[in-house]
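Report on one structure; see the data block that follows.
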Amino acid sequence: MSSEATMLERCGSKCELCGSDNPLTAYAVPPHSHVTVDTAIMVCDKCLGEIDELKTSTTGAALTTACGAK
Ligand SMILES: [Zn+2]
């Protein structure tokens, strides 16, 4: 059985963040980059979008800090 199938079974085919039953994507939780049962969660498109936004804004803040430091 694939990792994703195992995870889907674990979460009951619902988003592990908000419990929605929208289509789910396996997301490897940093610092992990590989999707395995132990390192990834199943999230819906909405939560995946929020995670991406969070990452972008964190990167943006880090870049701003770097620029301000010169
Ligand atoms: Zn969700």
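Letters for chains follow the order of the structure tokens (A, B, ...), residue numbers begin at 1 for each chain, and ligand numbers begin at 1 in the order shown.
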Practice problem: For ligand 1, list the contacting residues at 10 Å or closer, counting only C-alpha atoms and all ligand atoms, as a PyMOL selection string. | Solution: chain A and resi 14-25+42-50
Output the selection as a PDB file, in the first residue's frame - N, CA and C atoms for each residue.
ATOM      1  N   LYS A  14     -10.210  12.695   5.209  1.00  0.00           N
ATOM      2  CA  LYS A  14     -10.534  14.090   5.500  1.00  0.00           C
ATOM      3  C   LYS A  14      -9.249  14.865   5.757  1.00  0.00           C
ATOM      4  N   CYS A  15      -9.292  16.159   5.454  1.00  0.00           N
ATOM      5  CA  CYS A  15      -8.137  17.027   5.676  1.00  0.00           C
ATOM      6  C   CYS A  15      -7.695  16.921   7.136  1.00  0.00           C
ATOM      7  N   GLU A  16      -6.389  16.729   7.363  1.00  0.00           N
ATOM      8  CA  GLU A  16      -5.902  16.559   8.738  1.00  0.00           C
ATOM      9  C   GLU A  16      -5.799  17.888   9.472  1.00  0.00           C
ATOM     10  N   LEU A  17      -6.002  18.992   8.772  1.00  0.00           N
ATOM     11  CA  LEU A  17      -5.957  20.299   9.421  1.00  0.00           C
ATOM     12  C   LEU A  17      -7.350  20.825   9.738  1.00  0.00           C
ATOM     13  N   CYS A  18      -8.254  20.753   8.773  1.00  0.00           N
ATOM     14  CA  CYS A  18      -9.576  21.347   8.993  1.00  0.00           C
ATOM     15  C   CYS A  18     -10.709  20.339   8.954  1.00  0.00           C
ATOM     16  N   GLY A  19     -10.398  19.075   8.610  1.00  0.00           N
ATOM     17  CA  GLY A  19     -11.431  18.039   8.624  1.00  0.00           C
ATOM     18  C   GLY A  19     -12.342  18.056   7.405  1.00  0.00           C
ATOM     19  N   SER A  20     -12.026  18.898   6.437  1.00  0.00           N
ATOM     20  CA  SER A  20     -12.846  18.962   5.225  1.00  0.00           C
ATOM     21  C   SER A  20     -12.644  17.711   4.379  1.00  0.00           C
ATOM     22  N   ASP A  21     -13.656  17.376   3.580  1.00  0.00           N
ATOM     23  CA  ASP A  21     -13.483  16.198   2.723  1.00  0.00           C
ATOM     24  C   ASP A  21     -13.273  16.619   1.269  1.00  0.00           C
ATOM     25  N   ASN A  22     -12.733  17.814   1.082  1.00  0.00           N
ATOM     26  CA  ASN A  22     -12.320  18.244  -0.249  1.00  0.00           C
ATOM     27  C   ASN A  22     -11.192  17.345  -0.729  1.00  0.00           C
ATOM     28  N   PRO A  23     -10.864  17.411  -2.040  1.00  0.00           N
ATOM     29  CA  PRO A  23      -9.741  16.604  -2.546  1.00  0.00           C
ATOM     30  C   PRO A  23      -8.480  16.864  -1.723  1.00  0.00           C
ATOM     31  N   LEU A  24      -7.775  15.795  -1.392  1.00  0.00           N
ATOM     32  CA  LEU A  24      -6.622  15.915  -0.496  1.00  0.00           C
ATOM     33  C   LEU A  24      -5.311  15.716  -1.236  1.00  0.00           C
ATOM     34  N   THR A  25      -4.291  16.408  -0.747  1.00  0.00           N
ATOM     35  CA  THR A  25      -2.946  16.289  -1.285  1.00  0.00           C
ATOM     36  C   THR A  25      -2.022  15.926  -0.140  1.00  0.00           C
ATOM     37  N   MET A  42      -2.217  14.695   5.127  1.00  0.00           N
ATOM     38  CA  MET A  42      -3.131  14.896   4.015  1.00  0.00           C
ATOM     39  C   MET A  42      -3.885  16.197   4.262  1.00  0.00           C
ATOM     40  N   VAL A  43      -3.775  17.135   3.326  1.00  0.00           N
ATOM     41  CA  VAL A  43      -4.456  18.409   3.493  1.00  0.00           C
ATOM     42  C   VAL A  43      -5.288  18.722   2.256  1.00  0.00           C
ATOM     43  N   CYS A  44      -6.334  19.515   2.450  1.00  0.00           N
ATOM     44  CA  CYS A  44      -7.179  19.914   1.321  1.00  0.00           C
ATOM     45  C   CYS A  44      -6.513  21.064   0.571  1.00  0.00           C
ATOM     46  N   ASP A  45      -7.062  21.411  -0.583  1.00  0.00           N
ATOM     47  CA  ASP A  45      -6.473  22.473  -1.393  1.00  0.00           C
ATOM     48  C   ASP A  45      -6.406  23.795  -0.632  1.00  0.00           C
ATOM     49  N   LYS A  46      -7.424  24.075   0.160  1.00  0.00           N
ATOM     50  CA  LYS A  46      -7.500  25.327   0.892  1.00  0.00           C
ATOM     51  C   LYS A  46      -6.359  25.428   1.908  1.00  0.00           C
ATOM     52  N   CYS A  47      -6.156  24.350   2.682  1.00  0.00           N
ATOM     53  CA  CYS A  47      -5.093  24.359   3.684  1.00  0.00           C
ATOM     54  C   CYS A  47      -3.733  24.361   3.002  1.00  0.00           C
ATOM     55  N   LEU A  48      -3.614  23.657   1.892  1.00  0.00           N
ATOM     56  CA  LEU A  48      -2.359  23.644   1.148  1.00  0.00           C
ATOM     57  C   LEU A  48      -2.028  25.061   0.694  1.00  0.00           C
ATOM     58  N   GLY A  49      -3.045  25.787   0.233  1.00  0.00           N
ATOM     59  CA  GLY A  49      -2.850  27.174  -0.182  1.00  0.00           C
ATOM     60  C   GLY A  49      -2.396  28.035   0.977  1.00  0.00           C
ATOM     61  N   GLU A  50      -2.985  27.812   2.153  1.00  0.00           N
ATOM     62  CA  GLU A  50      -2.607  28.597   3.324  1.00  0.00           C
ATOM     63  C   GLU A  50      -1.182  28.282   3.760  1.00  0.00           C
TER      64      GLU A  50
END
Practice problem: Enter the distance from CA of Val29 in chain A to CA of Met1 in chain A, in Å, rounded to one decimal. | Solution: 20.7 Å
Quiz prompt | Separation of CA of Ser57 in chain A from CA of Glu4 in chain A in Å | solution = 28.1 Å
Exercise. Would you please extract all alpha helix (DSSP H) residues from chain A, as assigned by DSSP on the backbone, and give them as JSON, numbers by chain?
Key: {"A": [3, 4, 5, 6, 7, 8, 9, 10, 11, 45, 46, 47, 48, 49, 50, 51, 52, 53, 54, 55, 56, 57, 58, 59, 60, 61, 62, 63, 64, 65, 66, 67, 68]}
Can you write just those residues out, N, CA and C atoms, as a compact mmCIF listing (two decimals), in the first residue's frame?
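Okay, this is what ended up in selection_8.txt:
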# COMPACT_ATOMS: atom_id res chain seq x y z
N SER A 3 2.12 5.18 0.65
CA SER A 3 2.05 6.06 1.82
C SER A 3 0.76 6.85 1.82
N GLU A 4 0.41 7.36 0.64
CA GLU A 4 -0.80 8.19 0.56
C GLU A 4 -2.05 7.41 0.93
N ALA A 5 -2.12 6.16 0.46
CA ALA A 5 -3.29 5.35 0.78
C ALA A 5 -3.37 5.09 2.28
N THR A 6 -2.21 4.84 2.90
CA THR A 6 -2.16 4.62 4.35
C THR A 6 -2.60 5.87 5.10
N MET A 7 -2.13 7.02 4.61
CA MET A 7 -2.49 8.28 5.27
C MET A 7 -3.97 8.59 5.10
N LEU A 8 -4.49 8.29 3.92
CA LEU A 8 -5.92 8.52 3.69
C LEU A 8 -6.75 7.70 4.65
N GLU A 9 -6.27 6.47 4.90
CA GLU A 9 -6.98 5.60 5.83
C GLU A 9 -6.90 6.17 7.24
N ARG A 10 -5.70 6.70 7.60
CA ARG A 10 -5.49 7.27 8.93
C ARG A 10 -6.43 8.44 9.18
N CYS A 11 -6.57 9.30 8.19
CA CYS A 11 -7.35 10.52 8.40
C CYS A 11 -8.80 10.35 7.99
N ASP A 45 -7.06 21.41 -0.58
CA ASP A 45 -6.47 22.47 -1.39
C ASP A 45 -6.41 23.79 -0.63
N LYS A 46 -7.42 24.08 0.16
CA LYS A 46 -7.50 25.33 0.89
C LYS A 46 -6.36 25.43 1.91
N CYS A 47 -6.16 24.35 2.68
CA CYS A 47 -5.09 24.36 3.68
C CYS A 47 -3.73 24.36 3.00
N LEU A 48 -3.61 23.66 1.89
CA LEU A 48 -2.36 23.64 1.15
C LEU A 48 -2.03 25.06 0.69
N GLY A 49 -3.04 25.79 0.23
CA GLY A 49 -2.85 27.17 -0.18
C GLY A 49 -2.40 28.04 0.98
N GLU A 50 -2.99 27.81 2.15
CA GLU A 50 -2.61 28.60 3.32
C GLU A 50 -1.18 28.28 3.76
N ILE A 51 -0.80 27.03 3.65
CA ILE A 51 0.58 26.64 4.00
C ILE A 51 1.56 27.33 3.05
N ASP A 52 1.23 27.31 1.76
CA ASP A 52 2.09 27.96 0.77
C ASP A 52 2.20 29.45 1.04
N GLU A 53 1.08 30.09 1.38
CA GLU A 53 1.07 31.51 1.67
C GLU A 53 1.96 31.81 2.87
N LEU A 54 1.86 30.96 3.87
CA LEU A 54 2.64 31.11 5.09
C LEU A 54 4.13 31.04 4.77
N LYS A 55 4.48 30.06 3.93
CA LYS A 55 5.88 29.90 3.55
C LYS A 55 6.37 31.12 2.80
N THR A 56 5.53 31.62 1.87
CA THR A 56 5.89 32.79 1.07
C THR A 56 6.10 34.01 1.96
N SER A 57 5.17 34.22 2.89
CA SER A 57 5.27 35.41 3.73
C SER A 57 6.46 35.30 4.67
N THR A 58 6.78 34.10 5.12
CA THR A 58 7.94 33.91 5.98
C THR A 58 9.22 34.22 5.20
N THR A 59 9.26 33.73 3.97
CA THR A 59 10.41 33.99 3.11
C THR A 59 10.51 35.48 2.84
N GLY A 60 9.36 36.12 2.58
CA GLY A 60 9.34 37.54 2.31
C GLY A 60 9.89 38.33 3.48
N ALA A 61 9.50 37.97 4.70
CA ALA A 61 9.97 38.66 5.90
C ALA A 61 11.47 38.48 6.05
N ALA A 62 11.96 37.29 5.76
CA ALA A 62 13.39 37.01 5.87
C ALA A 62 14.17 37.84 4.86
N LEU A 63 13.62 37.98 3.66
CA LEU A 63 14.27 38.76 2.62
C LEU A 63 14.31 40.23 3.01
N THR A 64 13.21 40.73 3.56
CA THR A 64 13.14 42.12 3.98
C THR A 64 14.18 42.38 5.05
N THR A 65 14.31 41.46 5.97
CA THR A 65 15.28 41.61 7.06
C THR A 65 16.70 41.64 6.48
N ALA A 66 16.95 40.77 5.51
CA ALA A 66 18.27 40.70 4.91
C ALA A 66 18.62 42.01 4.21
N CYS A 67 17.63 42.59 3.51
CA CYS A 67 17.85 43.85 2.81
C CYS A 67 18.09 44.99 3.78
N GLY A 68 17.33 44.98 4.88
CA GLY A 68 17.44 46.06 5.85
C GLY A 68 18.76 46.02 6.60
Exercise. Mind checking which residues fall within 9 Å of Thr39 in chain A, counting only C-alpha atoms, ignoring those fewer than 5 positions away in the same chain, and posting them as a list in words?
Key: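 That gives Tyr27, Ala28, Val29, Pro30, Pro31, His32, Ser33 and His34 of chain A.
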